[in-house]
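Working notes for the structure below.
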Amino acid sequence: MLDFLDFSFLNILDILLVATLMYYTYKLLRGTAAINIFIGIAIIFLIWKITQALEMEMLSGILGTLTSGGVIALIVVFQQEIRKFLLMLGTTKFSSKRNFLKQLNFLKSEVHIETDVQTIVDSCESMGTSNTGVLIVIERSQSLDFLKTTGDSMNAEVNKPILESIFYKNSPLHDGAIIVKENMIVATRIILPLSDKDIPIRFGLRHRAAIGITEKSDAVCIVVSEETGKTSYIKDGEFVLFENQFGLIETIKNDLA
């Protein structure tokens, strides 16, 4: 009856791999509404395995039915997260094992350059006063290389003059989005996928494009409306509320950490 207590090396390896998978799944879902559903499912699954090990046949049978019958429901609930994960795998260069591990965030030893969020937000606030339209995509763990070919490559450090010159209305680069990776502007005039989500009519194509790319990747977007001059912050396909400029800066810094 207590044979399940006899652990072998493969059992330990199995537990470690499952724990690692759950940890990175949690990191993928953290900050989204789906995280509570994931935790609930994980608890039910854990109870099911315990009841199986203790040979509680009736309860384990009920929980097993719920677990097996919920696969389709899980696909529906987590369709956005599953799409992000598959997109991440599809854009990973498998020819480089180092690249693949970095894409999954397993490597933390590499030097990380912190994005100058203060400068980006200050620039957006300044451009908002002149109703200059802005769309900035900040790359996180998932590569946006598949988008960079839609625009022009750039390799410039983030600073206020260059951001304002890019989005200046008469600039040849002002159309489309820019991509910021760490603290470098790596591409301009980027064409983003548009979201099909219903959004208030006061929001235009910039906001719909920002929602679209944050639905399909873990990137975050900052948008300045050309009509109102107001700044919006978008993550996971949703508008993130903030009270003031300081609150926006802290929110972005936490999301990029």
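Please note that chains go A, B, ... in the order of the structure tokens, that every chain numbers its residues from 1, and that ligands are numbered from 1 in the order shown.
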
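With only C-alpha atoms taken into account, the protein and nucleic acid residues at most 7 Å from A:Leu173 (excluding it and anything under 2 positions from it in its own chain) are Ile166, Phe167, Ser171, Asp175, Thr188 and Arg189 of chain A.
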
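Omitting A:Leu63 and its sequence neighbours fewer than 2 positions away, and counting only C-alpha atoms, the residues within 12 Å are Ile41, Ile43, Ile44, Phe45, Leu46, Ile47, Trp48, Lys49, Ile50, Thr51, Gln52, Met56, Glu57, Met58, Leu59, Ser60, Gly61, Thr65, Leu66, Thr67, Ser68, Gly69 and Gly70 of chain A.
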
Using only C-alpha atoms, which residues sit within 10 Å of A:Thr132 once same-chain residues fewer than 2 positions away are excluded, as a ChimeraX atom specification? /A:124-130,134,164,167-169,174,224-230

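Across the structure, atom CA of A:Phe239 and atom CA of A:Ile211 are spaced 8.2 Å apart.
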
Which residue is closest to A:Lys253? Choose from A:Leu241, A:Met184, A:Ile138, A:Val223 and count only C-alpha atoms. A:Ile138

Within 9 Å of A:Glu114, counting only C-alpha atoms, which residues show up once you throw out same-chain ones fewer than 3 positions away? Write them as a list in words, please. Val117, Glu182, Asn183, Leu256 and Ala257 of chain A

Close residues, A:Ile162 itself excluded, 10 Å, only C-alpha atoms, min 6 positions apart in chain, as a PyMOL selection string: chain A and resi 123+156+168+185

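Atom pair atom CA of A:Gln118 / atom CA of A:Leu192 has a distance of 24.4 Å (rounded to one decimal).
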